[in-house]
file input_16.cif (mmCIF, C-alpha atoms; chains and numbers go by the auth columns)
data_my_file
#
loop_
_atom_site.group_PDB
_atom_site.id
_atom_site.type_symbol
_atom_site.label_atom_id
_atom_site.label_comp_id
_atom_site.label_asym_id
_atom_site.label_seq_id
_atom_site.Cartn_x
_atom_site.Cartn_y
_atom_site.Cartn_z
_atom_site.B_iso_or_equiv
_atom_site.auth_seq_id
_atom_site.auth_asym_id
ATOM 1 C CA MET A 1 76.253 113.288 95.559 0.00 1 V
ATOM 2 C CA SER A 2 76.971 110.048 97.371 0.00 2 V
ATOM 3 C CA PHE A 3 80.334 109.729 99.089 0.00 3 V
ATOM 4 C CA PHE A 4 81.874 106.440 100.199 0.00 4 V
ATOM 5 C CA TYR A 5 85.115 105.288 101.739 0.00 5 V
ATOM 6 C CA GLY A 6 86.500 102.312 103.638 0.00 6 V
ATOM 7 C CA TYR A 7 86.266 98.536 103.602 0.00 7 V
ATOM 8 C CA HIS A 8 82.897 98.604 105.394 0.00 8 V
ATOM 9 C CA HIS A 9 81.177 100.428 102.518 0.00 9 V
ATOM 10 C CA PRO A 10 79.570 98.291 99.756 0.00 10 V
ATOM 11 C CA LEU A 11 80.976 100.527 97.004 0.00 11 V
ATOM 12 C CA SER A 12 84.546 100.132 98.240 0.00 12 V
ATOM 13 C CA GLN A 13 87.111 97.992 96.432 0.00 13 V
ATOM 14 C CA TRP A 14 87.905 96.485 99.850 0.00 14 V
ATOM 15 C CA TYR A 15 84.327 95.452 100.661 0.00 15 V
ATOM 16 C CA TYR A 16 84.235 91.679 101.079 0.00 16 V
ATOM 17 C CA SER A 17 81.772 90.032 98.730 0.00 17 V
ATOM 18 C CA ASP A 18 82.679 86.967 96.689 0.00 18 V
ATOM 19 C CA PHE A 19 82.298 87.022 92.920 0.00 19 V
ATOM 20 C CA GLU A 20 83.633 84.899 90.098 0.00 20 V
ATOM 21 C CA ILE A 21 85.463 85.792 86.916 0.00 21 V
ATOM 22 C CA GLY A 22 86.880 83.111 84.638 0.00 22 V
ATOM 23 C CA LYS A 23 86.186 80.316 87.140 0.00 23 V
ATOM 24 C CA ILE A 24 88.231 82.084 89.833 0.00 24 V
ATOM 25 C CA THR A 25 86.508 83.348 92.967 0.00 25 V
ATOM 26 C CA PHE A 26 87.621 86.703 94.330 0.00 26 V
ATOM 27 C CA ASN A 27 86.740 87.934 97.810 0.00 27 V
ATOM 28 C CA CYS A 28 86.756 91.641 96.918 0.00 28 V
ATOM 29 C CA CYS A 29 87.485 93.925 93.988 0.00 29 V
ATOM 30 C CA GLU A 30 90.893 94.809 95.421 0.00 30 V
ATOM 31 C CA GLN A 31 91.910 91.159 95.039 0.00 31 V
ATOM 32 C CA TRP A 32 90.610 91.126 91.451 0.00 32 V
ATOM 33 C CA MET A 33 92.464 94.351 90.613 0.00 33 V
ATOM 34 C CA MET A 34 95.793 93.239 92.062 0.00 34 V
ATOM 35 C CA TYR A 35 95.497 89.735 90.581 0.00 35 V
ATOM 36 C CA SER A 36 94.721 91.243 87.165 0.00 36 V
ATOM 37 C CA LYS A 37 97.669 93.600 87.503 0.00 37 V
ATOM 38 C CA ALA A 38 99.987 90.668 88.263 0.00 38 V
ATOM 39 C CA ILE A 39 98.648 88.711 85.272 0.00 39 V
ATOM 40 C CA LEU A 40 98.991 91.764 83.009 0.00 40 V
ATOM 41 C CA PHE A 41 102.691 91.964 83.870 0.00 41 V
ATOM 42 C CA LYS A 42 103.172 88.189 83.782 0.00 42 V
ATOM 43 C CA ASP A 43 104.087 87.873 87.465 0.00 43 V
ATOM 44 C CA GLU A 44 102.557 84.444 88.106 0.00 44 V
ATOM 45 C CA GLU A 45 104.090 84.123 91.575 0.00 45 V
ATOM 46 C CA LYS A 46 102.589 87.404 92.768 0.00 46 V
ATOM 47 C CA ALA A 47 99.238 86.498 91.172 0.00 47 V
ATOM 48 C CA ARG A 48 99.220 83.242 93.154 0.00 48 V
ATOM 49 C CA GLN A 49 100.098 85.047 96.389 0.00 49 V
ATOM 50 C CA ILE A 50 97.316 87.585 95.835 0.00 50 V
ATOM 51 C CA LEU A 51 94.760 84.808 95.287 0.00 51 V
ATOM 52 C CA GLU A 52 95.904 83.040 98.446 0.00 52 V
ATOM 53 C CA GLU A 53 95.661 86.216 100.557 0.00 53 V
ATOM 54 C CA SER A 54 92.266 87.029 102.094 0.00 54 V
ATOM 55 C CA ARG A 55 93.047 90.507 103.492 0.00 55 V
ATOM 56 C CA ALA A 56 92.552 93.435 101.114 0.00 56 V
ATOM 57 C CA ASN A 57 95.310 95.545 102.646 0.00 57 V
ATOM 58 C CA ILE A 58 97.838 92.738 102.088 0.00 58 V
ATOM 59 C CA GLN A 59 96.489 92.141 98.571 0.00 59 V
ATOM 60 C CA ARG A 60 97.208 95.806 97.834 0.00 60 V
ATOM 61 C CA LYS A 61 100.697 95.509 99.332 0.00 61 V
ATOM 62 C CA LEU A 62 101.423 92.458 97.152 0.00 62 V
ATOM 63 C CA GLY A 63 100.078 94.304 94.121 0.00 63 V
ATOM 64 C CA ARG A 64 102.611 97.047 94.704 0.00 64 V
ATOM 65 C CA GLN A 65 105.425 94.465 94.514 0.00 65 V
ATOM 66 C CA ILE A 66 104.634 93.179 91.012 0.00 66 V
ATOM 67 C CA ARG A 67 107.728 92.626 88.885 0.00 67 V
ATOM 68 C CA TYR A 68 108.085 94.252 85.470 0.00 68 V
ATOM 69 C CA PHE A 69 105.372 96.822 86.277 0.00 69 V
ATOM 70 C CA LYS A 70 105.113 99.617 83.710 0.00 70 V
ATOM 71 C CA ASN A 71 102.881 102.513 84.690 0.00 71 V
ATOM 72 C CA ASP A 72 101.949 103.511 81.128 0.00 72 V
ATOM 73 C CA ILE A 73 100.637 100.013 80.421 0.00 73 V
ATOM 74 C CA TRP A 74 98.738 99.946 83.728 0.00 74 V
ATOM 75 C CA VAL A 75 97.168 103.369 83.089 0.00 75 V
ATOM 76 C CA ASN A 76 95.985 102.055 79.721 0.00 76 V
ATOM 77 C CA GLN A 77 94.344 98.944 81.213 0.00 77 V
ATOM 78 C CA ARG A 78 93.298 99.790 84.783 0.00 78 V
ATOM 79 C CA GLU A 79 89.873 101.286 84.121 0.00 79 V
ATOM 80 C CA GLU A 80 88.655 98.317 82.092 0.00 80 V
ATOM 81 C CA ILE A 81 89.958 95.945 84.778 0.00 81 V
ATOM 82 C CA ILE A 82 88.165 97.840 87.559 0.00 82 V
ATOM 83 C CA TYR A 83 84.987 98.109 85.487 0.00 83 V
ATOM 84 C CA GLN A 84 84.901 94.346 84.832 0.00 84 V
ATOM 85 C CA GLY A 85 85.561 93.498 88.480 0.00 85 V
ATOM 86 C CA ASN A 86 82.820 95.776 89.746 0.00 86 V
ATOM 87 C CA LEU A 87 80.399 94.599 87.077 0.00 87 V
ATOM 88 C CA ALA A 88 80.947 91.031 88.300 0.00 88 V
ATOM 89 C CA LYS A 89 80.689 92.033 91.975 0.00 89 V
ATOM 90 C CA PHE A 90 77.431 93.938 91.577 0.00 90 V
ATOM 91 C CA SER A 91 75.785 91.644 89.022 0.00 91 V
ATOM 92 C CA GLN A 92 76.466 88.443 91.003 0.00 92 V
ATOM 93 C CA ASN A 93 75.197 89.716 94.373 0.00 93 V
ATOM 94 C CA ALA A 94 71.523 90.745 94.439 0.00 94 V
ATOM 95 C CA GLU A 95 71.832 92.863 97.599 0.00 95 V
ATOM 96 C CA LEU A 96 74.822 94.777 96.283 0.00 96 V
ATOM 97 C CA LYS A 97 73.167 95.232 92.905 0.00 97 V
ATOM 98 C CA LYS A 98 70.109 96.724 94.598 0.00 98 V
ATOM 99 C CA TYR A 99 72.349 98.951 96.723 0.00 99 V
ATOM 100 C CA LEU A 100 74.138 100.330 93.670 0.00 100 V
ATOM 101 C CA LEU A 101 70.953 100.786 91.649 0.00 101 V
ATOM 102 C CA ASP A 102 69.285 102.512 94.604 0.00 102 V
ATOM 103 C CA THR A 103 71.890 105.272 94.365 0.00 103 V
ATOM 104 C CA GLY A 104 69.810 106.387 91.382 0.00 104 V
ATOM 105 C CA ASP A 105 71.369 109.254 89.477 0.00 105 V
ATOM 106 C CA ASN A 106 73.576 110.329 92.376 0.00 106 V
ATOM 107 C CA PHE A 107 77.118 111.242 91.490 0.00 107 V
ATOM 108 C CA LEU A 108 79.354 108.681 93.229 0.00 108 V
ATOM 109 C CA ALA A 109 82.631 109.778 94.773 0.00 109 V
ATOM 110 C CA GLU A 110 85.225 107.872 96.764 0.00 110 V
ATOM 111 C CA ALA A 111 86.064 110.221 99.644 0.00 111 V
ATOM 112 C CA SER A 112 89.622 109.037 100.114 0.00 112 V
ATOM 113 C CA PRO A 113 91.843 111.801 101.435 0.00 113 V
ATOM 114 C CA THR A 114 94.990 110.052 100.180 0.00 114 V
ATOM 115 C CA ASP A 115 93.983 108.409 96.887 0.00 115 V
ATOM 116 C CA LEU A 116 94.347 110.893 94.049 0.00 116 V
ATOM 117 C CA ILE A 117 93.635 108.369 91.311 0.00 117 V
ATOM 118 C CA TRP A 118 90.637 106.337 92.442 0.00 118 V
ATOM 119 C CA GLY A 119 89.348 108.860 94.998 0.00 119 V
ATOM 120 C CA ILE A 120 88.709 112.601 95.259 0.00 120 V
ATOM 121 C CA GLY A 121 91.609 113.459 97.567 0.00 121 V
ATOM 122 C CA LEU A 122 89.271 114.679 100.315 0.00 122 V
ATOM 123 C CA ALA A 123 87.771 112.934 103.347 0.00 123 V
ATOM 124 C CA GLU A 124 84.073 112.262 103.952 0.00 124 V
ATOM 125 C CA GLU A 125 84.182 114.756 106.829 0.00 125 V
ATOM 126 C CA ASP A 126 85.688 117.550 104.713 0.00 126 V
ATOM 127 C CA ASP A 127 83.095 120.206 103.840 0.00 127 V
ATOM 128 C CA LYS A 128 85.083 121.050 100.678 0.00 128 V
ATOM 129 C CA ARG A 129 84.101 117.677 99.194 0.00 129 V
ATOM 130 C CA PHE A 130 80.796 119.038 97.841 0.00 130 V
ATOM 131 C CA ASP A 131 82.504 121.246 95.249 0.00 131 V
ATOM 132 C CA GLN A 132 84.355 119.265 92.586 0.00 132 V
ATOM 133 C CA LYS A 133 86.670 122.238 92.018 0.00 133 V
ATOM 134 C CA ASN A 134 88.211 121.377 95.392 0.00 134 V
ATOM 135 C CA TRP A 135 88.965 117.784 94.452 0.00 135 V
ATOM 136 C CA THR A 136 92.608 116.944 93.984 0.00 136 V
ATOM 137 C CA GLY A 137 91.835 113.368 92.906 0.00 137 V
ATOM 138 C CA LYS A 138 90.428 111.934 89.664 0.00 138 V
ATOM 139 C CA ASN A 139 87.642 109.862 91.297 0.00 139 V
ATOM 140 C CA LEU A 140 88.094 107.065 88.756 0.00 140 V
ATOM 141 C CA LEU A 141 86.382 104.535 91.027 0.00 141 V
ATOM 142 C CA GLY A 142 83.289 106.698 91.413 0.00 142 V
ATOM 143 C CA LYS A 143 83.095 107.233 87.646 0.00 143 V
ATOM 144 C CA LEU A 144 83.486 103.522 86.913 0.00 144 V
ATOM 145 C CA LEU A 145 80.824 102.619 89.483 0.00 145 V
ATOM 146 C CA MET A 146 78.431 104.997 87.724 0.00 146 V
ATOM 147 C CA GLU A 147 79.201 103.176 84.457 0.00 147 V
ATOM 148 C CA VAL A 148 78.531 99.811 86.127 0.00 148 V
ATOM 149 C CA ARG A 149 75.271 101.197 87.536 0.00 149 V
ATOM 150 C CA ALA A 150 74.195 102.347 84.056 0.00 150 V
ATOM 151 C CA THR A 151 75.040 98.940 82.577 0.00 151 V
ATOM 152 C CA LEU A 152 73.037 97.122 85.253 0.00 152 V
ATOM 153 C CA ALA A 153 70.094 99.523 84.900 0.00 153 V
ATOM 154 C CA ASN A 154 70.018 98.911 81.137 0.00 154 V
ATOM 155 C CA ARG A 155 69.803 95.159 81.726 0.00 155 V
ATOM 156 C CA LEU A 156 66.537 95.482 83.686 0.00 156 V
#
call {"tool": "encode", "arguments": {"input": "input_16.cif", "output": "structure tokens"}}
result
Amino acid sequence: MSFFYGYHHPLSQWYYSDFEIGKITFNCCEQWMMYSKAILFKDEEKARQILEESRANIQRKLGRQIRYFKNDIWVNQREEIIYQGNLAKFSQNAELKKYLLDTGDNFLAEASPTDLIWGIGLAEEDDKRFDQKNWTGKNLLGKLLMEVRATLANRL
């Protein structure tokens, strides 16, 4: 198992690495996710603010202020959005692509103690993290990164 957490880690949504989707350059996957969320809910003003903001923590904050947000719609779309953003990030940056592919068949898990959707709900330092029965989070980010890794490996 490979655990990751924090903006300094290449697998993180907050890791700064430019990539382009639809002729728009994003500085990290968090920006892509929050921009896509704003577009999904037709909040053009918030989408513009997210694109203009360079700090991932503020991008997230703006993304939590999107008007007309409906959780059921977001739950239906979020995984595809995150998959596409990470596919762009890792396919457009040779070093990051190599990093992801070098994880081999390792199970990837975001060791976020507070994120129960994208992470496992346990910290990197927590010895309970090695047993998935202890996880209180869904680890959606880890699962999607493994899908991106498989896609990139199949393109070789």
call {"tool": "atom_distance", "arguments": {"input": "input_16.cif", "atom1": "atom CA of V:Ile120", "atom2": "atom CA of V:Asn139"}}
result
4.9 Å
call {"tool": "atom_distance", "arguments": {"input": "input_16.cif", "atom1": "atom CA of V:Asn57", "atom2": "atom CA of V:Met33"}}
result
12.4 Å
call {"tool": "resolve_selection", "arguments": {"input": "input_16.cif", "expression": "the PyMOL selection byres ((chain V and resi 56) around 10)", "output": "list of chain:residue names"}}
result
V:Tyr7, V:Gln13, V:Trp14, V:Tyr15, V:Tyr16, V:Asn27, V:Cys28, V:Cys29, V:Glu30, V:Gln31, V:Met34, V:Ile50, V:Glu53, V:Ser54, V:Arg55, V:Asn57, V:Ile58, V:Gln59, V:Arg60, V:Lys61, V:Leu62
call {"tool": "residues_around", "arguments": {"input": "input_16.cif", "residues": "V:Ile39", "least_positions_apart": "2", "cutoff": "12 Å", "atoms": "all atoms listed in the file", "output": "list in words"}}
result
Trp32, Met33, Met34, Tyr35, Ser36, Lys37, Phe41, Lys42, Asp43, Glu44, Glu45, Lys46, Ala47, Arg48, Gln49, Ile50, Leu51, Gly63, Ile66, Arg67, Tyr68, Phe69, Trp74, Gln77 and Ile81 of chain V
call {"tool": "write_last_selection", "arguments": {"input": "input_16.cif", "atoms": "C-alpha atoms", "output": "PDB file, keeping the file's coordinate frame"}}
result
ATOM      1  CA  TRP V  32      90.610  91.126  91.451  1.00  0.00           C
ATOM      2  CA  MET V  33      92.464  94.351  90.613  1.00  0.00           C
ATOM      3  CA  MET V  34      95.793  93.239  92.062  1.00  0.00           C
ATOM      4  CA  TYR V  35      95.497  89.735  90.581  1.00  0.00           C
ATOM      5  CA  SER V  36      94.721  91.243  87.165  1.00  0.00           C
ATOM      6  CA  LYS V  37      97.669  93.600  87.503  1.00  0.00           C
ATOM      7  CA  PHE V  41     102.691  91.964  83.870  1.00  0.00           C
ATOM      8  CA  LYS V  42     103.172  88.189  83.782  1.00  0.00           C
ATOM      9  CA  ASP V  43     104.087  87.873  87.465  1.00  0.00           C
ATOM     10  CA  GLU V  44     102.557  84.444  88.106  1.00  0.00           C
ATOM     11  CA  GLU V  45     104.090  84.123  91.575  1.00  0.00           C
ATOM     12  CA  LYS V  46     102.589  87.404  92.768  1.00  0.00           C
ATOM     13  CA  ALA V  47      99.238  86.498  91.172  1.00  0.00           C
ATOM     14  CA  ARG V  48      99.220  83.242  93.154  1.00  0.00           C
ATOM     15  CA  GLN V  49     100.098  85.047  96.389  1.00  0.00           C
ATOM     16  CA  ILE V  50      97.316  87.585  95.835  1.00  0.00           C
ATOM     17  CA  LEU V  51      94.760  84.808  95.287  1.00  0.00           C
ATOM     18  CA  GLY V  63     100.078  94.304  94.121  1.00  0.00           C
ATOM     19  CA  ILE V  66     104.634  93.179  91.012  1.00  0.00           C
ATOM     20  CA  ARG V  67     107.728  92.626  88.885  1.00  0.00           C
ATOM     21  CA  TYR V  68     108.085  94.252  85.470  1.00  0.00           C
ATOM     22  CA  PHE V  69     105.372  96.822  86.277  1.00  0.00           C
ATOM     23  CA  TRP V  74      98.738  99.946  83.728  1.00  0.00           C
ATOM     24  CA  GLN V  77      94.344  98.944  81.213  1.00  0.00           C
ATOM     25  CA  ILE V  81      89.958  95.945  84.778  1.00  0.00           C
TER      26      ILE V  81
END
call {"tool": "residues_around", "arguments": {"input": "input_16.cif", "residues": "V:Asn93", "least_positions_apart": "3", "cutoff": "9 Å", "atoms": "only C-alpha atoms", "output": "list in words"}}
result
Ser17, Asp18, Phe19, Ala88, Lys89, Phe90, Leu96, Lys97 and Lys98 of chain V
call {"tool": "closest_residue", "arguments": {"input": "input_16.cif", "among": "V:Thr25, V:Gly137, V:Glu147, V:Gln92", "to": "V:Glu110", "atoms": "only C-alpha atoms"}}
result
V:Gly137
call {"tool": "residues_around", "arguments": {"input": "input_16.cif", "residues": "V:Arg129", "least_positions_apart": "3", "cutoff": "12 Å", "atoms": "all atoms listed in the file", "output": "ChimeraX atom specification"}}
result
/V:1-4,108-113,119-126,132-137,139
call {"tool": "write_last_selection", "arguments": {"input": "input_16.cif", "atoms": "C-alpha atoms", "output": "CSV table (one decimal), in the coordinates of the input"}}
result
chain,number,residue,atom,x,y,z
V,1,MET,CA,76.3,113.3,95.6
V,2,SER,CA,77.0,110.0,97.4
V,3,PHE,CA,80.3,109.7,99.1
V,4,PHE,CA,81.9,106.4,100.2
V,108,LEU,CA,79.4,108.7,93.2
V,109,ALA,CA,82.6,109.8,94.8
V,110,GLU,CA,85.2,107.9,96.8
V,111,ALA,CA,86.1,110.2,99.6
V,112,SER,CA,89.6,109.0,100.1
V,113,PRO,CA,91.8,111.8,101.4
V,119,GLY,CA,89.3,108.9,95.0
V,120,ILE,CA,88.7,112.6,95.3
V,121,GLY,CA,91.6,113.5,97.6
V,122,LEU,CA,89.3,114.7,100.3
V,123,ALA,CA,87.8,112.9,103.3
V,124,GLU,CA,84.1,112.3,104.0
V,125,GLU,CA,84.2,114.8,106.8
V,126,ASP,CA,85.7,117.6,104.7
V,132,GLN,CA,84.4,119.3,92.6
V,133,LYS,CA,86.7,122.2,92.0
V,134,ASN,CA,88.2,121.4,95.4
V,135,TRP,CA,89.0,117.8,94.5
V,136,THR,CA,92.6,116.9,94.0
V,137,GLY,CA,91.8,113.4,92.9
V,139,ASN,CA,87.6,109.9,91.3
call {"tool": "residues_near_point", "arguments": {"input": "input_16.cif", "point": "(75.9, 101.8, 94.4)", "cutoff": "8 Å", "atoms": "only C-alpha atoms", "output": "ChimeraX atom specification"}}
result
/V:10-11,96-103,108,145-146,149
call {"tool": "write_last_selection", "arguments": {"input": "input_16.cif", "atoms": "C-alpha atoms", "output": "PDB file, in the coordinates of the input"}}
result
ATOM      1  CA  PRO V  10      79.570  98.291  99.756  1.00  0.00           C
ATOM      2  CA  LEU V  11      80.976 100.527  97.004  1.00  0.00           C
ATOM      3  CA  LEU V  96      74.822  94.777  96.283  1.00  0.00           C
ATOM      4  CA  LYS V  97      73.167  95.232  92.905  1.00  0.00           C
ATOM      5  CA  LYS V  98      70.109  96.724  94.598  1.00  0.00           C
ATOM      6  CA  TYR V  99      72.349  98.951  96.723  1.00  0.00           C
ATOM      7  CA  LEU V 100      74.138 100.330  93.670  1.00  0.00           C
ATOM      8  CA  LEU V 101      70.953 100.786  91.649  1.00  0.00           C
ATOM      9  CA  ASP V 102      69.285 102.512  94.604  1.00  0.00           C
ATOM     10  CA  THR V 103      71.890 105.272  94.365  1.00  0.00           C
ATOM     11  CA  LEU V 108      79.354 108.681  93.229  1.00  0.00           C
ATOM     12  CA  LEU V 145      80.824 102.619  89.483  1.00  0.00           C
ATOM     13  CA  MET V 146      78.431 104.997  87.724  1.00  0.00           C
ATOM     14  CA  ARG V 149      75.271 101.197  87.536  1.00  0.00           C
TER      15      ARG V 149
END
call {"tool": "atom_distance", "arguments": {"input": "input_16.cif", "atom1": "atom CA of V:Leu87", "atom2": "atom CA of V:Val148"}}
result
5.6 Å
call {"tool": "closest_residue", "arguments": {"input": "input_16.cif", "among": "V:Ala153, V:Ala38, V:Ile21, V:Ala94", "to": "V:Gln65", "atoms": "all atoms listed in the file"}}
result
V:Ala38
call {"tool": "axis_aligned_box", "arguments": {"input": "input_16.cif", "around": "stretch 5-20 of chain V", "padding_each_side": "4 Å", "output": "JSON"}}
result
{"center_x": 83.7, "center_y": 95.1, "center_z": 97.7, "size_x": 16.3, "size_y": 28.4, "size_z": 23.3}
call {"tool": "closest_residue", "arguments": {"input": "input_16.cif", "among": "V:Glu52, V:Asp72, V:Asp131, V:Glu79", "to": "V:Lys143", "atoms": "all atoms listed in the file"}}
result
V:Glu79
